[in-house]
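Novice: Sharing target08.cif, mmCIF, C-alpha atoms (C1' of nucleotides):
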data_work
#
loop_
_atom_site.label_atom_id
_atom_site.label_comp_id
_atom_site.auth_asym_id
_atom_site.auth_seq_id
_atom_site.Cartn_x
_atom_site.Cartn_y
_atom_site.Cartn_z
CA MET A 197 -6.46 111.99 175.42
CA ARG A 198 -8.46 115.18 175.35
CA ALA A 199 -6.49 118.40 175.19
CA ASP A 200 -8.13 119.91 178.24
CA LYS A 201 -7.38 116.87 180.36
CA ARG A 202 -3.76 116.95 179.24
CA GLU A 203 -3.58 120.61 180.22
CA ARG A 204 -5.01 119.95 183.64
CA LEU A 205 -2.58 117.12 184.23
CA GLU A 206 0.41 119.13 183.08
CA ALA A 207 -0.67 122.06 185.18
CA ALA A 208 -0.67 119.66 188.13
CA GLY A 209 2.94 118.72 187.36
CA TRP A 210 2.46 115.48 185.41
CA ARG A 211 4.43 114.67 182.32
CA VAL A 212 2.10 113.42 179.64
CA GLY A 213 3.41 111.32 176.81
CA SER A 214 3.86 107.89 175.31
CA ALA A 215 5.51 105.01 177.09
CA GLU A 216 8.44 105.30 174.69
CA GLU A 217 9.08 108.86 175.73
CA PHE A 218 8.84 107.90 179.33
CA LEU A 219 11.27 105.04 178.98
CA GLY A 220 13.58 107.08 176.79
CA LEU A 221 13.48 104.70 173.86
CA SER A 222 14.70 105.69 170.44
CA PRO A 223 12.15 105.38 167.65
CA GLN A 224 13.90 102.21 166.46
CA GLU A 225 13.86 100.68 169.91
CA ALA A 226 10.20 101.57 170.28
CA ASP A 227 9.42 99.89 166.95
CA TYR A 228 11.31 96.81 168.00
CA VAL A 229 9.33 96.58 171.22
CA GLN A 230 6.11 97.07 169.33
CA VAL A 231 6.96 94.27 166.92
CA LYS A 232 7.66 91.92 169.79
CA LEU A 233 4.45 92.94 171.46
CA ALA A 234 2.48 92.29 168.30
CA LEU A 235 3.95 88.80 168.06
CA SER A 236 3.21 88.20 171.74
CA LEU A 237 -0.43 89.05 171.22
CA ALA A 238 -0.62 86.92 168.09
CA LEU A 239 0.81 84.01 170.03
CA ARG A 240 -1.71 84.29 172.82
CA GLU A 241 -4.55 84.60 170.34
CA ARG A 242 -3.47 81.55 168.40
CA ARG A 243 -2.94 79.49 171.50
CA LEU A 244 -6.38 80.31 172.87
CA GLN A 245 -7.91 79.73 169.46
CA SER A 246 -6.38 76.27 169.54
CA GLU A 247 -7.70 75.78 173.07
CA LEU A 248 -4.31 74.94 174.46
CA THR A 249 -2.95 75.79 177.88
CA GLN A 250 0.50 77.32 178.19
CA ALA A 251 1.69 73.94 179.40
CA ASP A 252 0.27 72.27 176.28
CA LEU A 253 2.04 74.74 174.04
CA ALA A 254 5.24 74.29 176.01
CA ARG A 255 5.16 70.58 175.26
CA LEU A 256 4.41 71.28 171.62
CA VAL A 257 7.42 73.52 171.14
CA GLN A 258 9.62 71.67 173.64
CA SER A 259 9.84 74.60 175.99
CA SER A 260 8.43 75.30 179.41
CA GLN A 261 5.25 76.86 180.72
CA SER A 262 7.20 79.70 182.28
CA ARG A 263 8.81 80.59 178.95
CA ILE A 264 5.42 80.64 177.27
CA ALA A 265 4.08 82.93 179.98
CA LYS A 266 7.04 85.26 179.52
CA MET A 267 6.60 85.24 175.76
CA GLU A 268 2.98 86.22 176.03
CA ALA A 269 3.85 88.87 178.58
CA GLY A 270 6.32 90.45 176.16
CA ASP A 271 9.16 89.84 178.59
CA PRO A 272 12.37 91.56 177.45
CA GLY A 273 14.31 88.35 177.96
CA VAL A 274 12.46 86.57 175.19
CA SER A 275 13.74 86.67 171.63
CA VAL A 276 11.76 87.28 168.48
CA ASP A 277 13.21 84.01 167.26
CA LEU A 278 11.43 82.07 169.95
CA LEU A 279 8.20 83.93 169.37
CA MET A 280 8.31 83.19 165.66
CA LYS A 281 9.20 79.55 166.12
CA SER A 282 6.31 79.13 168.54
CA LEU A 283 3.88 80.83 166.21
CA LEU A 284 5.00 78.65 163.33
CA ALA A 285 4.60 75.59 165.55
CA LEU A 286 0.99 76.67 166.13
CA GLY A 287 0.43 76.58 162.40
CA ALA A 288 1.03 80.21 161.55
CA SER A 289 2.44 80.91 158.11
CA PRO A 290 5.09 83.51 157.32
CA ARG A 291 2.23 85.56 155.93
CA ASP A 292 0.51 85.39 159.32
CA LEU A 293 3.69 86.65 160.96
CA ALA A 294 3.82 89.47 158.45
CA ARG A 295 0.22 90.40 159.19
CA ALA A 296 0.89 90.48 162.92
CA ILE A 297 3.90 92.73 162.46
CA ASP A 298 2.03 94.93 160.06
CA SER A 299 -0.52 95.58 162.79
CA VAL A 300 2.03 97.71 164.63
CA PRO A 301 0.80 101.32 164.64
CA ARG A 302 2.80 103.64 162.38
CA ARG A 303 4.91 106.24 164.08
CA ASP A 304 4.44 109.87 163.17
CA MET B 262 13.15 71.16 136.79
CA ARG B 263 11.83 69.29 133.80
CA ALA B 264 10.17 65.97 134.48
CA ASP B 265 12.39 64.04 132.09
CA LYS B 266 15.54 65.38 133.67
CA ARG B 267 14.26 64.45 137.10
CA GLU B 268 13.56 60.96 135.86
CA ARG B 269 17.03 60.58 134.43
CA LEU B 270 18.61 61.80 137.65
CA GLU B 271 16.51 59.51 139.81
CA ALA B 272 17.22 56.59 137.53
CA ALA B 273 20.90 57.33 138.11
CA GLY B 274 20.35 57.14 141.87
CA TRP B 275 19.99 60.81 142.78
CA ARG B 276 17.42 62.05 145.20
CA VAL B 277 15.69 65.07 143.77
CA GLY B 278 13.93 67.52 146.02
CA SER B 279 14.02 70.83 147.82
CA ALA B 280 16.80 71.94 150.12
CA GLU B 281 14.42 71.47 153.06
CA GLU B 282 13.88 67.84 152.21
CA PHE B 283 17.59 67.35 151.80
CA LEU B 284 18.37 68.91 155.15
CA GLY B 285 15.51 67.11 156.81
CA LEU B 286 13.80 70.27 158.02
CA SER B 287 10.23 70.25 159.24
CA PRO B 288 7.89 72.64 157.44
CA GLN B 289 8.06 74.98 160.43
CA GLU B 290 11.83 74.95 160.47
CA ALA B 291 11.89 75.56 156.75
CA ASP B 292 9.57 78.56 157.16
CA TYR B 293 11.74 79.94 159.91
CA VAL B 294 14.82 79.68 157.72
CA GLN B 295 12.96 81.34 154.88
CA VAL B 296 11.90 84.23 157.08
CA LYS B 297 15.45 84.79 158.20
CA LEU B 298 16.64 84.61 154.62
CA ALA B 299 14.07 87.18 153.55
CA LEU B 300 15.26 89.55 156.27
CA SER B 301 18.88 88.95 155.26
CA LEU B 302 18.15 89.93 151.70
CA ALA B 303 16.17 92.96 152.81
CA LEU B 304 19.10 94.04 154.94
CA ARG B 305 21.59 93.77 152.11
CA GLU B 306 19.27 95.65 149.78
CA ARG B 307 18.75 98.47 152.23
CA ARG B 308 22.40 98.77 153.06
CA LEU B 309 23.40 98.97 149.41
CA GLN B 310 20.57 101.41 148.73
CA SER B 311 22.04 103.59 151.46
CA GLU B 312 25.51 103.17 149.94
CA LEU B 313 27.01 101.95 153.15
CA THR B 314 29.75 99.37 153.56
CA GLN B 315 29.30 96.56 156.04
CA ALA B 316 31.77 98.38 158.26
CA ASP B 317 29.65 101.53 158.09
CA LEU B 318 26.54 99.63 159.08
CA ALA B 319 28.45 97.89 161.85
CA ARG B 320 29.30 101.27 163.35
CA LEU B 321 25.72 102.41 162.94
CA VAL B 322 24.30 99.47 164.88
CA GLN B 323 27.26 99.10 167.23
CA SER B 324 28.23 95.70 165.93
CA SER B 325 31.11 94.43 163.84
CA GLN B 326 31.70 93.99 160.14
CA SER B 327 31.91 90.24 160.54
CA ARG B 328 28.48 90.10 162.19
CA ILE B 329 26.99 92.11 159.35
CA ALA B 330 28.53 89.74 156.83
CA LYS B 331 27.09 86.77 158.69
CA MET B 332 23.69 88.40 158.88
CA GLU B 333 23.61 89.00 155.17
CA ALA B 334 24.82 85.48 154.55
CA GLY B 335 21.92 84.08 156.54
CA ASP B 336 24.29 82.48 159.01
CA PRO B 337 22.44 80.19 161.44
CA GLY B 338 24.18 81.83 164.38
CA VAL B 339 22.46 85.14 163.79
CA SER B 340 19.17 85.94 165.47
CA VAL B 341 16.10 87.44 163.91
CA ASP B 342 16.30 90.04 166.66
CA LEU B 343 19.59 91.35 165.37
CA LEU B 344 18.37 91.34 161.80
CA MET B 345 15.29 93.32 162.75
CA LYS B 346 17.18 95.79 164.88
CA SER B 347 19.63 96.39 162.04
CA LEU B 348 16.86 96.88 159.52
CA LEU B 349 15.13 99.34 161.82
CA ALA B 350 18.41 101.17 162.28
CA LEU B 351 18.57 101.55 158.51
CA GLY B 352 15.23 103.28 158.57
CA ALA B 353 12.94 100.35 157.87
CA SER B 354 9.47 100.52 159.40
CA PRO B 355 7.63 97.59 160.95
CA ARG B 356 5.59 97.59 157.76
CA ASP B 357 8.78 97.14 155.76
CA LEU B 358 9.67 94.16 157.92
CA ALA B 359 6.23 92.74 157.34
CA ARG B 360 6.61 93.17 153.58
CA ALA B 361 9.95 91.40 153.60
CA ILE B 362 8.56 88.47 155.56
CA ASP B 363 5.51 88.33 153.37
CA SER B 364 7.78 87.79 150.38
CA VAL B 365 8.52 84.29 151.61
CA PRO B 366 7.09 81.81 149.12
CA ARG B 367 4.03 79.92 150.37
CA ARG B 368 4.45 76.26 151.06
CA ASP B 369 2.17 73.77 149.36
"C1'" DG C 51 -12.87 78.57 202.04
"C1'" DA C 52 -10.86 74.18 200.10
"C1'" DT C 53 -9.53 72.08 195.80
"C1'" DC C 54 -8.25 72.15 191.23
"C1'" DC C 55 -6.49 74.22 186.98
"C1'" DT C 56 -4.08 77.80 184.80
"C1'" DT C 57 -0.94 81.59 184.53
"C1'" DA C 58 2.84 84.65 186.51
"C1'" DT C 59 7.42 85.41 188.54
"C1'" DG C 60 11.97 84.43 190.19
"C1'" DC C 61 16.02 81.76 190.13
"C1'" DC C 62 19.55 78.35 188.32
"C1'" DC C 63 23.16 77.06 184.84
"C1'" DA C 64 23.51 75.08 180.13
"C1'" DA C 65 23.18 76.48 175.49
"C1'" DT C 66 23.44 79.97 172.10
"C1'" DA C 67 24.35 84.64 170.22
"C1'" DT C 68 27.28 88.54 170.72
"C1'" DG C 69 31.18 91.94 169.50
"C1'" DA C 70 35.86 91.89 168.60
"C1'" DC C 71 39.82 90.48 166.29
"C1'" DA C 72 42.66 88.15 162.71
"C1'" DT C 73 43.01 86.91 158.23
"C1'" DA C 74 41.56 85.12 153.82
"C1'" DA C 75 39.08 85.95 149.68
"C1'" DA C 76 36.92 88.74 146.47
"C1'" DT C 77 36.36 93.18 143.96
"C1'" DA C 78 37.66 97.79 142.27
"C1'" DC C 79 40.87 101.09 140.77
"C1'" DT C 80 45.27 102.71 138.41
"C1'" DA D 286 50.04 93.01 137.99
"C1'" DG D 287 49.74 95.73 142.31
"C1'" DT D 288 47.37 98.04 145.76
"C1'" DA D 289 43.37 99.54 148.30
"C1'" DT D 290 38.75 98.58 149.64
"C1'" DT D 291 35.23 95.62 150.72
"C1'" DT D 292 33.35 91.24 152.08
"C1'" DA D 293 33.80 86.36 153.92
"C1'" DT D 294 35.19 83.01 157.40
"C1'" DG D 295 37.10 81.25 161.71
"C1'" DT D 296 37.85 81.69 166.64
"C1'" DC D 297 37.29 83.37 171.36
"C1'" DA D 298 35.43 85.53 175.93
"C1'" DT D 299 31.65 87.48 177.34
"C1'" DA D 300 26.74 88.35 177.48
"C1'" DT D 301 22.19 87.00 176.55
"C1'" DT D 302 18.69 83.57 176.01
"C1'" DG D 303 17.27 78.95 176.84
"C1'" DG D 304 14.67 75.03 179.49
"C1'" DG D 305 13.57 73.45 183.95
"C1'" DC D 306 11.96 73.92 188.49
"C1'" DA D 307 9.69 75.95 192.56
"C1'" DT D 308 6.28 78.68 194.03
"C1'" DA D 309 3.10 82.44 194.10
"C1'" DA D 310 -1.04 84.37 192.31
"C1'" DG D 311 -5.32 84.30 189.94
"C1'" DG D 312 -9.89 82.04 188.71
"C1'" DA D 313 -13.38 78.62 188.57
"C1'" DT D 314 -16.27 75.00 190.83
"C1'" DC D 315 -17.85 72.73 194.68
#
The structure given in the file should be rewritten as structure tokens.
Specialist:
Amino acid sequence: MRADKRERLEAAGWRVGSAEEFLGLSPQEADYVQVKLALSLALRERRLQSELTQADLARLVQSSQSRIAKMEAGDPGVSVDLLMKSLLALGASPRDLARAIDSVPRRD
Amino acid sequence: MRADKRERLEAAGWRVGSAEEFLGLSPQEADYVQVKLALSLALRERRLQSELTQADLARLVQSSQSRIAKMEAGDPGVSVDLLMKSLLALGASPRDLARAIDSVPRRD
DNA sequence: GATCCTTATGCCCAATATGACATAAATACT
DNA sequence: AGTATTTATGTCATATTGGGCATAAGGATC
């Protein structure tokens, strides 16, 4: 965001900042969310790459379409365990998981 | 294991193979276990590096000493989520998590 | 706009993970 | 050897996550 735009917004009474600030997350909590998000995105990418529907993937990992949708949406009620297991079921290697997690932007 | 030893063992009726084979794990399940194990080890290393007892860490992450012990032991009843959250609480970055996971030996 | 396919969202309740506690086992220190 | 500290293991109630189902919402094709 450009500095002048930020100034205009703040002058108008808006609070400008990251989602973490807004939600009041600690740095660790923010990192955790980011990791889950990265795995979510990796899952969606892999599924589409494999040309599977969410229902297909659900069958593959013995879950349900709704769970897959929630996983890909980064729903808070989905565990990293399930994300990882699903990714592995799609043929991802531990190294692939590592790469996905490593794509999380560094904090400053 | 040396080939001749393996032969002697098998001649004597032993089945020789990896722990995964023995436990009847699929490759994906084996990878998942390996990832958890890698995080367990990383946790122990970091905790010791920080010169904290399990009880100290338990306070830090609002858990209990017994949970920490189970985490570090790679207990099946411990989630990757908890492992990650604990590592992050010890100051690990997402990149550190990625490195730990990437240390899992490749399957062949 | 009707039909089909896919994805999103909300709700059950069964299964699993959780912190807490007790206590055993291991390790360190004198 | 005895004691203190740390770690391991078992159990329990409570909380969270799980699959399954219904249904809404989006998107494509006709």
Novice: I'd like to see the residues matched by the PyMOL selection byres ((chain B) within 9 of (chain D)) on this file, and ideally I'd get them as a list of chain:residue names.
Specialist: B:Thr314, B:Gln315, B:Ala316, B:Gln326, B:Ser327, B:Ala330, B:Lys331
Novice: Please produce chain B as a PDB file with C-alpha atoms, in the frame of the given file once it has been superposed on chain A, the fit using all Cα atoms paired in sequence order.
Specialist:
ATOM      1  CA  MET B 262      -6.578 112.182 175.867  1.00  0.00           C
ATOM      2  CA  ARG B 263      -8.536 115.398 175.795  1.00  0.00           C
ATOM      3  CA  ALA B 264      -6.541 118.585 175.480  1.00  0.00           C
ATOM      4  CA  ASP B 265      -8.041 120.174 178.577  1.00  0.00           C
ATOM      5  CA  LYS B 266      -7.227 117.176 180.713  1.00  0.00           C
ATOM      6  CA  ARG B 267      -3.669 117.191 179.444  1.00  0.00           C
ATOM      7  CA  GLU B 268      -3.399 120.845 180.330  1.00  0.00           C
ATOM      8  CA  ARG B 269      -4.675 120.273 183.834  1.00  0.00           C
ATOM      9  CA  LEU B 270      -2.256 117.405 184.364  1.00  0.00           C
ATOM     10  CA  GLU B 271       0.703 119.363 183.048  1.00  0.00           C
ATOM     11  CA  ALA B 272      -0.254 122.353 185.138  1.00  0.00           C
ATOM     12  CA  ALA B 273      -0.137 120.011 188.126  1.00  0.00           C
ATOM     13  CA  GLY B 274       3.406 118.987 187.190  1.00  0.00           C
ATOM     14  CA  TRP B 275       2.797 115.742 185.312  1.00  0.00           C
ATOM     15  CA  ARG B 276       4.610 114.860 182.160  1.00  0.00           C
ATOM     16  CA  VAL B 277       2.157 113.593 179.604  1.00  0.00           C
ATOM     17  CA  GLY B 278       3.308 111.435 176.743  1.00  0.00           C
ATOM     18  CA  SER B 279       3.643 107.972 175.295  1.00  0.00           C
ATOM     19  CA  ALA B 280       5.222 105.047 177.086  1.00  0.00           C
ATOM     20  CA  GLU B 281       8.183 105.314 174.701  1.00  0.00           C
ATOM     21  CA  GLU B 282       8.861 108.873 175.735  1.00  0.00           C
ATOM     22  CA  PHE B 283       8.557 107.912 179.362  1.00  0.00           C
ATOM     23  CA  LEU B 284      10.986 105.041 179.014  1.00  0.00           C
ATOM     24  CA  GLY B 285      13.317 107.090 176.882  1.00  0.00           C
ATOM     25  CA  LEU B 286      13.230 104.710 173.931  1.00  0.00           C
ATOM     26  CA  SER B 287      14.474 105.735 170.520  1.00  0.00           C
ATOM     27  CA  PRO B 288      11.952 105.381 167.703  1.00  0.00           C
ATOM     28  CA  GLN B 289      13.762 102.246 166.543  1.00  0.00           C
ATOM     29  CA  GLU B 290      13.686 100.709 169.986  1.00  0.00           C
ATOM     30  CA  ALA B 291      10.030 101.570 170.307  1.00  0.00           C
ATOM     31  CA  ASP B 292       9.292  99.873 166.971  1.00  0.00           C
ATOM     32  CA  TYR B 293      11.196  96.806 168.040  1.00  0.00           C
ATOM     33  CA  VAL B 294       9.189  96.578 171.245  1.00  0.00           C
ATOM     34  CA  GLN B 295       5.987  97.024 169.289  1.00  0.00           C
ATOM     35  CA  VAL B 296       6.893  94.232 166.902  1.00  0.00           C
ATOM     36  CA  LYS B 297       7.582  91.890 169.768  1.00  0.00           C
ATOM     37  CA  LEU B 298       4.330  92.892 171.407  1.00  0.00           C
ATOM     38  CA  ALA B 299       2.414  92.209 168.211  1.00  0.00           C
ATOM     39  CA  LEU B 300       3.930  88.732 168.006  1.00  0.00           C
ATOM     40  CA  SER B 301       3.122  88.124 171.675  1.00  0.00           C
ATOM     41  CA  LEU B 302      -0.508  88.941 171.111  1.00  0.00           C
ATOM     42  CA  ALA B 303      -0.627  86.817 167.979  1.00  0.00           C
ATOM     43  CA  LEU B 304       0.803  83.920 169.941  1.00  0.00           C
ATOM     44  CA  ARG B 305      -1.768  84.182 172.699  1.00  0.00           C
ATOM     45  CA  GLU B 306      -4.575  84.443 170.169  1.00  0.00           C
ATOM     46  CA  ARG B 307      -3.429  81.394 168.267  1.00  0.00           C
ATOM     47  CA  ARG B 308      -2.906  79.336 171.365  1.00  0.00           C
ATOM     48  CA  LEU B 309      -6.367  80.126 172.693  1.00  0.00           C
ATOM     49  CA  GLN B 310      -7.866  79.512 169.257  1.00  0.00           C
ATOM     50  CA  SER B 311      -6.274  76.074 169.380  1.00  0.00           C
ATOM     51  CA  GLU B 312      -7.616  75.569 172.912  1.00  0.00           C
ATOM     52  CA  LEU B 313      -4.236  74.767 174.319  1.00  0.00           C
ATOM     53  CA  THR B 314      -2.927  75.635 177.763  1.00  0.00           C
ATOM     54  CA  GLN B 315       0.477  77.229 178.109  1.00  0.00           C
ATOM     55  CA  ALA B 316       1.711  73.871 179.353  1.00  0.00           C
ATOM     56  CA  ASP B 317       0.375  72.185 176.219  1.00  0.00           C
ATOM     57  CA  LEU B 318       2.139  74.670 173.989  1.00  0.00           C
ATOM     58  CA  ALA B 319       5.308  74.297 176.031  1.00  0.00           C
ATOM     59  CA  ARG B 320       5.315  70.576 175.289  1.00  0.00           C
ATOM     60  CA  LEU B 321       4.605  71.250 171.639  1.00  0.00           C
ATOM     61  CA  VAL B 322       7.597  73.551 171.225  1.00  0.00           C
ATOM     62  CA  GLN B 323       9.803  71.765 173.748  1.00  0.00           C
ATOM     63  CA  SER B 324       9.927  74.682 176.130  1.00  0.00           C
ATOM     64  CA  SER B 325       8.418  75.339 179.531  1.00  0.00           C
ATOM     65  CA  GLN B 326       5.179  76.847 180.740  1.00  0.00           C
ATOM     66  CA  SER B 327       7.026  79.730 182.335  1.00  0.00           C
ATOM     67  CA  ARG B 328       8.708  80.636 179.040  1.00  0.00           C
ATOM     68  CA  ILE B 329       5.355  80.638 177.285  1.00  0.00           C
ATOM     69  CA  ALA B 330       3.932  82.921 179.951  1.00  0.00           C
ATOM     70  CA  LYS B 331       6.864  85.286 179.541  1.00  0.00           C
ATOM     71  CA  MET B 332       6.503  85.254 175.783  1.00  0.00           C
ATOM     72  CA  GLU B 333       2.865  86.176 175.979  1.00  0.00           C
ATOM     73  CA  ALA B 334       3.652  88.839 178.534  1.00  0.00           C
ATOM     74  CA  GLY B 335       6.128  90.448 176.165  1.00  0.00           C
ATOM     75  CA  ASP B 336       8.951  89.882 178.613  1.00  0.00           C
ATOM     76  CA  PRO B 337      12.149  91.636 177.488  1.00  0.00           C
ATOM     77  CA  GLY B 338      14.139  88.458 178.038  1.00  0.00           C
ATOM     78  CA  VAL B 339      12.341  86.632 175.264  1.00  0.00           C
ATOM     79  CA  SER B 340      13.673  86.687 171.728  1.00  0.00           C
ATOM     80  CA  VAL B 341      11.748  87.283 168.558  1.00  0.00           C
ATOM     81  CA  ASP B 342      13.233  84.009 167.357  1.00  0.00           C
ATOM     82  CA  LEU B 343      11.422  82.053 170.021  1.00  0.00           C
ATOM     83  CA  LEU B 344       8.191  83.898 169.397  1.00  0.00           C
ATOM     84  CA  MET B 345       8.379  83.159 165.691  1.00  0.00           C
ATOM     85  CA  LYS B 346       9.291  79.532 166.166  1.00  0.00           C
ATOM     86  CA  SER B 347       6.367  79.091 168.550  1.00  0.00           C
ATOM     87  CA  LEU B 348       3.952  80.763 166.176  1.00  0.00           C
ATOM     88  CA  LEU B 349       5.143  78.566 163.332  1.00  0.00           C
ATOM     89  CA  ALA B 350       4.731  75.527 165.548  1.00  0.00           C
ATOM     90  CA  LEU B 351       1.117  76.556 166.056  1.00  0.00           C
ATOM     91  CA  GLY B 352       0.596  76.465 162.332  1.00  0.00           C
ATOM     92  CA  ALA B 353       1.191  80.103 161.478  1.00  0.00           C
ATOM     93  CA  SER B 354       2.641  80.812 158.042  1.00  0.00           C
ATOM     94  CA  PRO B 355       5.285  83.424 157.294  1.00  0.00           C
ATOM     95  CA  ARG B 356       2.426  85.454 155.867  1.00  0.00           C
ATOM     96  CA  ASP B 357       0.665  85.268 159.220  1.00  0.00           C
ATOM     97  CA  LEU B 358       3.799  86.573 160.897  1.00  0.00           C
ATOM     98  CA  ALA B 359       3.943  89.383 158.392  1.00  0.00           C
ATOM     99  CA  ARG B 360       0.311  90.276 159.080  1.00  0.00           C
ATOM    100  CA  ALA B 361       0.921  90.371 162.809  1.00  0.00           C
ATOM    101  CA  ILE B 362       3.927  92.644 162.416  1.00  0.00           C
ATOM    102  CA  ASP B 363       2.074  94.831 159.987  1.00  0.00           C
ATOM    103  CA  SER B 364      -0.530  95.468 162.670  1.00  0.00           C
ATOM    104  CA  VAL B 365       1.963  97.615 164.538  1.00  0.00           C
ATOM    105  CA  PRO B 366       0.709 101.196 164.536  1.00  0.00           C
ATOM    106  CA  ARG B 367       2.706 103.555 162.312  1.00  0.00           C
ATOM    107  CA  ARG B 368       4.777 106.169 164.024  1.00  0.00           C
ATOM    108  CA  ASP B 369       4.279 109.811 163.144  1.00  0.00           C
TER     109      ASP B 369
END
Novice: Translate the PyMOL selection byres ((chain B) within 6 of (chain A)), as applied to the file shown, into an explicit residue set as a list in words.
Specialist: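 This file, filtered by the PyMOL selection byres ((chain B) within 6 of (chain A)), leaves Gln289, Val341, Asp342, Leu349, Arg356, Ala359, Ile362 and Asp363 of chain B.
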Novice: Can you give me, as a list in words, the residues this file yields under the PyMOL selection byres ((chain B) within 9 of (chain C))?
Specialist: Gln323, Ser324, Ser325, Arg328, Gly338, Val339 and Ser340 of chain B
Novice: The selected residues should be written to file as a compact mmCIF listing (two decimals), in the coordinates of the input (atoms: C-alpha atoms).
Specialist:
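Below is the file out-v7.txt, written as the result:
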# COMPACT_ATOMS: atom_id res chain seq x y z
CA GLN B 323 27.26 99.10 167.23
CA SER B 324 28.23 95.70 165.93
CA SER B 325 31.11 94.43 163.84
CA ARG B 328 28.48 90.10 162.19
CA GLY B 338 24.18 81.83 164.38
CA VAL B 339 22.46 85.14 163.79
CA SER B 340 19.17 85.94 165.47
Novice: Taking all atoms of range 291-301 of chain D that appear in the file, build a box with edges along x, y and z, extend it by 6 Å on every side, and state its centre and edge lengths in Å to one decimal, as AutoDock Vina command-line options.
Specialist:
--center_x 30.0 --center_y 88.4 --center_z 164.1 --size_x 27.7 --size_y 26.4 --size_z 38.8
Novice: What does the structure give for the distance between CA of Leu237 in chain A and CA of Ile264 in chain A, in Å to one decimal?
Specialist: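 That distance, rounded to one decimal, is 11.9 Å.
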Novice: State, in Å with one decimal place, the distance from CA of Ala319 in chain B to CA of Ala226 in chain A.
Specialist: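 Value for the CA of Ala319 in chain B-CA of Ala226 in chain A distance: 20.4 Å.
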Novice: Add whatever atoms are absent from range 274-285 of chain A to reach N, CA, C and O atoms, and provide the output as a JSON list (two decimals), in the frame of the given file.
Specialist:
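Result file is part35.json:
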[["chain", "number", "residue", "atom", "x", "y", "z"],
["A", 274, "VAL", "N", 12.91, 87.55, 176.17],
["A", 274, "VAL", "CA", 12.46, 86.57, 175.19],
["A", 274, "VAL", "C", 12.76, 87.09, 173.80],
["A", 274, "VAL", "O", 12.50, 88.25, 173.49],
["A", 275, "SER", "N", 13.32, 86.25, 172.97],
["A", 275, "SER", "CA", 13.74, 86.67, 171.63],
["A", 275, "SER", "C", 12.59, 86.57, 170.63],
["A", 275, "SER", "O", 11.64, 85.80, 170.80],
["A", 276, "VAL", "N", 12.71, 87.36, 169.58],
["A", 276, "VAL", "CA", 11.76, 87.28, 168.48],
["A", 276, "VAL", "C", 11.84, 85.91, 167.84],
["A", 276, "VAL", "O", 10.83, 85.35, 167.42],
["A", 277, "ASP", "N", 13.04, 85.35, 167.83],
["A", 277, "ASP", "CA", 13.21, 84.01, 167.26],
["A", 277, "ASP", "C", 12.27, 83.02, 167.91],
["A", 277, "ASP", "O", 11.57, 82.26, 167.23],
["A", 278, "LEU", "N", 12.26, 83.03, 169.23],
["A", 278, "LEU", "CA", 11.43, 82.07, 169.95],
["A", 278, "LEU", "C", 9.95, 82.32, 169.70],
["A", 278, "LEU", "O", 9.17, 81.38, 169.52],
["A", 279, "LEU", "N", 9.58, 83.59, 169.66],
["A", 279, "LEU", "CA", 8.20, 83.93, 169.37],
["A", 279, "LEU", "C", 7.79, 83.41, 168.00],
["A", 279, "LEU", "O", 6.73, 82.79, 167.84],
["A", 280, "MET", "N", 8.63, 83.64, 167.02],
["A", 280, "MET", "CA", 8.31, 83.19, 165.66],
["A", 280, "MET", "C", 8.23, 81.68, 165.59],
["A", 280, "MET", "O", 7.30, 81.13, 165.00],
["A", 281, "LYS", "N", 9.21, 81.01, 166.17],
["A", 281, "LYS", "CA", 9.20, 79.55, 166.12],
["A", 281, "LYS", "C", 7.94, 79.00, 166.77],
["A", 281, "LYS", "O", 7.34, 78.04, 166.27],
["A", 282, "SER", "N", 7.51, 79.60, 167.86],
["A", 282, "SER", "CA", 6.31, 79.13, 168.54],
["A", 282, "SER", "C", 5.08, 79.36, 167.69],
["A", 282, "SER", "O", 4.20, 78.50, 167.59],
["A", 283, "LEU", "N", 5.02, 80.54, 167.07],
["A", 283, "LEU", "CA", 3.88, 80.83, 166.21],
["A", 283, "LEU", "C", 3.83, 79.85, 165.04],
["A", 283, "LEU", "O", 2.77, 79.32, 164.71],
["A", 284, "LEU", "N", 4.96, 79.59, 164.46],
["A", 284, "LEU", "CA", 5.00, 78.65, 163.33],
["A", 284, "LEU", "C", 4.57, 77.26, 163.80],
["A", 284, "LEU", "O", 3.85, 76.55, 163.09],
["A", 285, "ALA", "N", 4.98, 76.90, 165.02],
["A", 285, "ALA", "CA", 4.60, 75.59, 165.55],
["A", 285, "ALA", "C", 3.09, 75.50, 165.74],
["A", 285, "ALA", "O", 2.51, 74.41, 165.70]]
